[in-house]
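For reference, the structure is listed below as structure tokens.
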Amino acid sequence: MNTRLFLLLAAGLLSALQASAQQPTANLKVATLHPILADLAKQVGGSRVEIIEILKPGSDVHHFEPATRDLATLRGVNLVLAMGKDLESYLGKLTDSLAGKSRIVEVGHDIPSLKMDPSQEVFVCCPHHDHSHIDPHWWHSAENMRRAARILAEVFSEADPAGEDLYEAAAKAAGKRFDELRRWAAKEISRIPRRDRKLVTAHAAFGYFCKEYGFKSLPMLGLSRSDDISAAHIAQATQFIREEGIRACFPEDQANPKVLTEMVRSTGVRLGKALVADGTAKEAHTFETMLAHNVRAIVEALAPPAEAP
């Protein structure tokens with residue numbers, strides 16, 4: 001090997017070693033059970049936190065359960081982040097499998113819950129459907145996401161006290177971004193007359209969104225993901241849609257649209273674009289992309305057309 005080639009190789013090796021030394025080493029290893037939590041953990045944790053996504057974009061959160069390979073991935077993890085509010089029905093089994101080696105944090109536990117109250121919601125398929133059940137879809141609220149960022153900062157700081165200042169600053173910055181998104185959404189939604197702010201979906205996944213932006217939530221099937229609904233119930237729903245002057249109905253991603261399609265066929269109302277309900281869509285699995293997609297779809301269907309100049 002000639003001297004020039006040796007020097008070039010030595011210089012390259014030295015550069016690679018220096019670059020490697022400059023790469024920050026994560027202080028926490030965190031697993032997430034929802035893509036929105038993965039994105040939020042990255043925002044709050046920065047380079048101090050290594051994120052392992054167990055439930056990935058495109059997955060069905062209602063039918064997911066960790067497989068053997070997922071449990072192997074969880075070895076050495078400090079924290080496991082779950083949405084909570086009974087969304088992940090398998091948490092008890094997961095806790096047993098981890099045997100106290102990793103802490104499971106239900107982020108939604110300390111976020112105020114909405115209950116399914118027939119006096120506030122319309123359940124066409126059954127007047128008492130899901131009465132007093134908790135709505136787990138808290139991530140549809142920008143204010144709740146701001147709370148979740150603070151919760152992660154506290155949890156990360158407990159596990160890694162040396163990073164407390166970084167986590168708190170990152171959570172504060174994330175909260176500001178969520179406030180900006182809420183203001184943007186409110187401005188877009190202001191184009192919809194208040195009388196038309198009625199969100200008709202098959203399932204009750206948008207209660208937190210509706211509360212934050214002044215909509216009346218009209219889920220035809222309540223919290224259940226079942227599509228089992230009788231012809232009589234469809235007829236009742238169709239009559240209700242006509243009486244309420246509903247402008248559009250919205251299907252949901254990862255859900256069979258047959259019930260709403262039947263209602264649209266019977267009433268002639270517009271079928272809006274599918275809304276992202278669970279926040280796991282491949283094209284919309286962060287709070288920002290989910291909110292942007294849903295707000296644009298709702299405004300497109302419910303806002304009156306802009307007047308020509």
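Starting from 1 in every chain, residues are counted up; chains themselves are A, B, ... following the order of the structure tokens, and ligands are numbered from 1 as listed.
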Residue contacts of A:Ile298 (10 Å, only C-alpha atoms) excluding same-chain residues fewer than 5 positions away, as a PyMOL selection string: chain A and resi 188-189+192+197-199+248-250+272-275+293+303
Spatial neighbours of A:His34, max dist 7 Å, only C-alpha atoms, sep filter under 3 positions, as JSON, numbers by chain: {"A": [37, 38, 55, 56, 82]}
Those selected residues, please, written with C-alpha atoms and delivered as an mmCIF file, in the first residue's frame.
```cif
data_model
loop_
_atom_site.group_PDB
_atom_site.id
_atom_site.type_symbol
_atom_site.label_atom_id
_atom_site.label_comp_id
_atom_site.auth_asym_id
_atom_site.auth_seq_id
_atom_site.Cartn_x
_atom_site.Cartn_y
_atom_site.Cartn_z
ATOM 1 C CA LEU A 37 -47.307 8.952 20.730
ATOM 2 C CA ALA A 38 -44.150 8.050 18.817
ATOM 3 C CA LEU A 55 -47.715 -0.216 16.665
ATOM 4 C CA LYS A 56 -46.731 1.311 13.344
ATOM 5 C CA ALA A 82 -49.874 3.726 25.728
#
```
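The strand (DSSP E) portion of stretch 203-281 of chain A consists of A:Lys216, A:Ser217, A:Leu218, A:Pro219, A:Ala248, A:Cys249, A:Phe250, A:Arg270, A:Leu271, with states taken from DSSP on the backbone.
Closest approach to A:Ala173 from the set A:Leu291, A:Val276, A:Val44, A:Val259 is made by A:Val44, with distances taken over only C-alpha atoms.
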Those of stretch 25-160 of chain A in DSSP alpha helix (DSSP H), formatted as a PyMOL selection string: chain A and resi 35-45+68-73+91-98+142-159
Residues just named, written with N, CA and C atoms as a tab-separated table (two decimals), in the first residue's frame:
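Output below, filename result30.tsv:
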```
chain	number	residue	atom	x	y	z
A	35	PRO	N	-48.69	5.54	16.79
A	35	PRO	CA	-47.81	6.44	16.03
A	35	PRO	C	-47.84	7.89	16.52
A	36	ILE	N	-49.00	8.38	16.96
A	36	ILE	CA	-49.06	9.76	17.45
A	36	ILE	C	-48.21	9.92	18.70
A	37	LEU	N	-48.17	8.91	19.55
A	37	LEU	CA	-47.31	8.95	20.73
A	37	LEU	C	-45.84	8.89	20.33
A	38	ALA	N	-45.54	8.13	19.29
A	38	ALA	CA	-44.15	8.05	18.82
A	38	ALA	C	-43.67	9.43	18.37
A	39	ASP	N	-44.49	10.12	17.60
A	39	ASP	CA	-44.12	11.46	17.14
A	39	ASP	C	-43.98	12.43	18.31
A	40	LEU	N	-44.91	12.37	19.25
A	40	LEU	CA	-44.85	13.27	20.40
A	40	LEU	C	-43.61	12.98	21.26
A	41	ALA	N	-43.29	11.70	21.44
A	41	ALA	CA	-42.11	11.33	22.22
A	41	ALA	C	-40.84	11.84	21.57
A	42	LYS	N	-40.80	11.83	20.24
A	42	LYS	CA	-39.63	12.37	19.53
A	42	LYS	C	-39.52	13.88	19.75
A	43	GLN	N	-40.67	14.57	19.74
A	43	GLN	CA	-40.66	16.01	19.95
A	43	GLN	C	-40.17	16.37	21.35
A	44	VAL	N	-40.64	15.64	22.34
A	44	VAL	CA	-40.30	15.96	23.73
A	44	VAL	C	-38.93	15.40	24.12
A	45	GLY	N	-38.61	14.22	23.63
A	45	GLY	CA	-37.38	13.55	24.06
A	45	GLY	C	-36.14	13.95	23.31
A	68	THR	N	-45.11	-12.09	19.62
A	68	THR	CA	-43.89	-12.54	20.31
A	68	THR	C	-42.70	-11.70	19.92
A	69	ARG	N	-42.61	-11.34	18.64
A	69	ARG	CA	-41.48	-10.52	18.18
A	69	ARG	C	-41.52	-9.12	18.81
A	70	ASP	N	-42.72	-8.62	19.07
A	70	ASP	CA	-42.85	-7.31	19.72
A	70	ASP	C	-42.34	-7.37	21.16
A	71	LEU	N	-42.67	-8.46	21.84
A	71	LEU	CA	-42.22	-8.62	23.22
A	71	LEU	C	-40.70	-8.71	23.28
A	72	ALA	N	-40.10	-9.35	22.27
A	72	ALA	CA	-38.64	-9.42	22.22
A	72	ALA	C	-38.04	-8.04	22.02
A	73	THR	N	-38.71	-7.21	21.22
A	73	THR	CA	-38.25	-5.85	20.97
A	73	THR	C	-38.28	-5.00	22.22
A	91	LEU	N	-53.25	-4.37	27.72
A	91	LEU	CA	-52.23	-3.84	28.63
A	91	LEU	C	-51.98	-4.74	29.84
A	92	GLY	N	-53.04	-5.40	30.33
A	92	GLY	CA	-52.86	-6.29	31.47
A	92	GLY	C	-51.90	-7.43	31.14
A	93	LYS	N	-52.10	-8.06	29.98
A	93	LYS	CA	-51.22	-9.14	29.54
A	93	LYS	C	-49.80	-8.62	29.33
A	94	LEU	N	-49.70	-7.41	28.75
A	94	LEU	CA	-48.38	-6.85	28.48
A	94	LEU	C	-47.63	-6.58	29.78
A	95	THR	N	-48.34	-6.08	30.76
A	95	THR	CA	-47.74	-5.82	32.07
A	95	THR	C	-47.18	-7.11	32.67
A	96	ASP	N	-47.94	-8.19	32.56
A	96	ASP	CA	-47.48	-9.49	33.08
A	96	ASP	C	-46.25	-9.96	32.32
A	97	SER	N	-46.23	-9.74	31.01
A	97	SER	CA	-45.10	-10.19	30.19
A	97	SER	C	-43.83	-9.43	30.53
A	98	LEU	N	-43.97	-8.15	30.84
A	98	LEU	CA	-42.80	-7.33	31.15
A	98	LEU	C	-42.27	-7.59	32.55
A	142	ALA	N	-56.22	19.51	20.38
A	142	ALA	CA	-54.91	20.16	20.49
A	142	ALA	C	-54.57	20.44	21.94
A	143	GLU	N	-55.56	20.81	22.73
A	143	GLU	CA	-55.33	21.08	24.14
A	143	GLU	C	-54.90	19.80	24.86
A	144	ASN	N	-55.51	18.68	24.51
A	144	ASN	CA	-55.12	17.41	25.12
A	144	ASN	C	-53.70	17.01	24.71
A	145	MET	N	-53.33	17.32	23.48
A	145	MET	CA	-51.97	17.02	23.03
A	145	MET	C	-50.96	17.87	23.80
A	146	ARG	N	-51.33	19.11	24.10
A	146	ARG	CA	-50.46	19.96	24.91
A	146	ARG	C	-50.29	19.35	26.31
A	147	ARG	N	-51.38	18.86	26.88
A	147	ARG	CA	-51.30	18.18	28.18
A	147	ARG	C	-50.40	16.94	28.08
A	148	ALA	N	-50.56	16.19	27.01
A	148	ALA	CA	-49.78	14.96	26.83
A	148	ALA	C	-48.29	15.27	26.74
A	149	ALA	N	-47.93	16.37	26.10
A	149	ALA	CA	-46.52	16.76	26.01
A	149	ALA	C	-45.95	17.03	27.41
A	150	ARG	N	-46.73	17.69	28.26
A	150	ARG	CA	-46.28	17.95	29.63
A	150	ARG	C	-46.13	16.64	30.42
A	151	ILE	N	-47.07	15.72	30.19
A	151	ILE	CA	-47.01	14.42	30.88
A	151	ILE	C	-45.73	13.68	30.49
A	152	LEU	N	-45.40	13.68	29.20
A	152	LEU	CA	-44.18	13.00	28.75
A	152	LEU	C	-42.94	13.66	29.34
A	153	ALA	N	-42.94	14.99	29.42
A	153	ALA	CA	-41.79	15.68	30.01
A	153	ALA	C	-41.59	15.25	31.46
A	154	GLU	N	-42.68	15.11	32.19
A	154	GLU	CA	-42.59	14.69	33.59
A	154	GLU	C	-42.09	13.24	33.70
A	155	VAL	N	-42.64	12.37	32.86
A	155	VAL	CA	-42.26	10.95	32.90
A	155	VAL	C	-40.81	10.77	32.50
A	156	PHE	N	-40.38	11.46	31.44
A	156	PHE	CA	-39.00	11.35	30.98
A	156	PHE	C	-38.05	11.90	32.04
A	157	SER	N	-38.44	13.00	32.69
A	157	SER	CA	-37.59	13.61	33.71
A	157	SER	C	-37.41	12.69	34.92
A	158	GLU	N	-38.47	11.97	35.29
A	158	GLU	CA	-38.38	11.03	36.39
A	158	GLU	C	-37.39	9.91	36.07
A	159	ALA	N	-37.40	9.46	34.82
A	159	ALA	CA	-36.51	8.36	34.42
A	159	ALA	C	-35.11	8.85	34.09
```
Please provide the set of residues having any atom within 12 Å of A:Arg265, restricted to only C-alpha atoms, with same-chain residues fewer than 3 positions apart removed, written as a PDB file with N, CA and C atoms, in the first residue's frame.
```
ATOM      1  N   ILE A 234     -81.412   2.057   9.968  1.00  0.00           N
ATOM      2  CA  ILE A 234     -80.983   2.897   8.844  1.00  0.00           C
ATOM      3  C   ILE A 234     -82.106   3.845   8.450  1.00  0.00           C
ATOM      4  N   ALA A 235     -83.332   3.353   8.451  1.00  0.00           N
ATOM      5  CA  ALA A 235     -84.475   4.194   8.115  1.00  0.00           C
ATOM      6  C   ALA A 235     -84.640   5.318   9.133  1.00  0.00           C
ATOM      7  N   THR A 238     -81.904   7.831   8.546  1.00  0.00           N
ATOM      8  CA  THR A 238     -82.193   8.604   7.342  1.00  0.00           C
ATOM      9  C   THR A 238     -83.200   9.709   7.632  1.00  0.00           C
ATOM     10  N   ALA A 248     -73.700  16.810   5.060  1.00  0.00           N
ATOM     11  CA  ALA A 248     -72.763  15.775   4.616  1.00  0.00           C
ATOM     12  C   ALA A 248     -72.579  14.728   5.704  1.00  0.00           C
ATOM     13  N   CYS A 249     -72.231  13.517   5.294  1.00  0.00           N
ATOM     14  CA  CYS A 249     -71.872  12.437   6.199  1.00  0.00           C
ATOM     15  C   CYS A 249     -70.420  12.049   5.910  1.00  0.00           C
ATOM     16  N   LYS A 258     -70.278   1.147   4.605  1.00  0.00           N
ATOM     17  CA  LYS A 258     -71.549   0.725   4.019  1.00  0.00           C
ATOM     18  C   LYS A 258     -72.764   1.380   4.672  1.00  0.00           C
ATOM     19  N   VAL A 259     -72.720   1.618   6.007  1.00  0.00           N
ATOM     20  CA  VAL A 259     -73.872   2.219   6.689  1.00  0.00           C
ATOM     21  C   VAL A 259     -74.099   3.639   6.190  1.00  0.00           C
ATOM     22  N   LEU A 260     -73.052   4.452   6.177  1.00  0.00           N
ATOM     23  CA  LEU A 260     -73.201   5.833   5.721  1.00  0.00           C
ATOM     24  C   LEU A 260     -73.506   5.895   4.227  1.00  0.00           C
ATOM     25  N   THR A 261     -72.956   4.977   3.475  1.00  0.00           N
ATOM     26  CA  THR A 261     -73.240   4.944   2.041  1.00  0.00           C
ATOM     27  C   THR A 261     -74.722   4.706   1.794  1.00  0.00           C
ATOM     28  N   GLU A 262     -75.309   3.815   2.603  1.00  0.00           N
ATOM     29  CA  GLU A 262     -76.740   3.538   2.485  1.00  0.00           C
ATOM     30  C   GLU A 262     -77.556   4.769   2.854  1.00  0.00           C
ATOM     31  N   GLY A 268     -79.601  11.593  -0.272  1.00  0.00           N
ATOM     32  CA  GLY A 268     -79.030  12.491  -1.263  1.00  0.00           C
ATOM     33  C   GLY A 268     -78.030  13.484  -0.697  1.00  0.00           C
ATOM     34  N   VAL A 269     -77.695  13.383   0.606  1.00  0.00           N
ATOM     35  CA  VAL A 269     -76.694  14.285   1.165  1.00  0.00           C
ATOM     36  C   VAL A 269     -75.315  13.883   0.659  1.00  0.00           C
ATOM     37  N   ARG A 270     -74.395  14.789   0.820  1.00  0.00           N
ATOM     38  CA  ARG A 270     -73.046  14.575   0.312  1.00  0.00           C
ATOM     39  C   ARG A 270     -72.283  13.586   1.191  1.00  0.00           C
ATOM     40  N   LEU A 271     -71.491  12.723   0.557  1.00  0.00           N
ATOM     41  CA  LEU A 271     -70.588  11.842   1.281  1.00  0.00           C
ATOM     42  C   LEU A 271     -69.217  12.485   1.264  1.00  0.00           C
TER      43      LEU A 271
END
```
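Residue nearest A:Gly279 within the list A:Leu81, A:Ala205, A:Cys210, A:Ile51: A:Ala205 [criterion: smallest interatomic distance, only C-alpha atoms].
Distances from A:Phe64, A:Tyr208, A:Phe240, A:Phe215 to A:His140 were compared using only C-alpha atoms, and the smallest one belongs to A:Tyr208.
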Proximity to A:Ala202 - best of A:Val105, A:Ala281, A:Ala237, A:Ala169, only C-alpha atoms: A:Ala237
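Going from atom CA of A:Pro305 over to atom CA of A:Thr286, you cover 29.1 Å.
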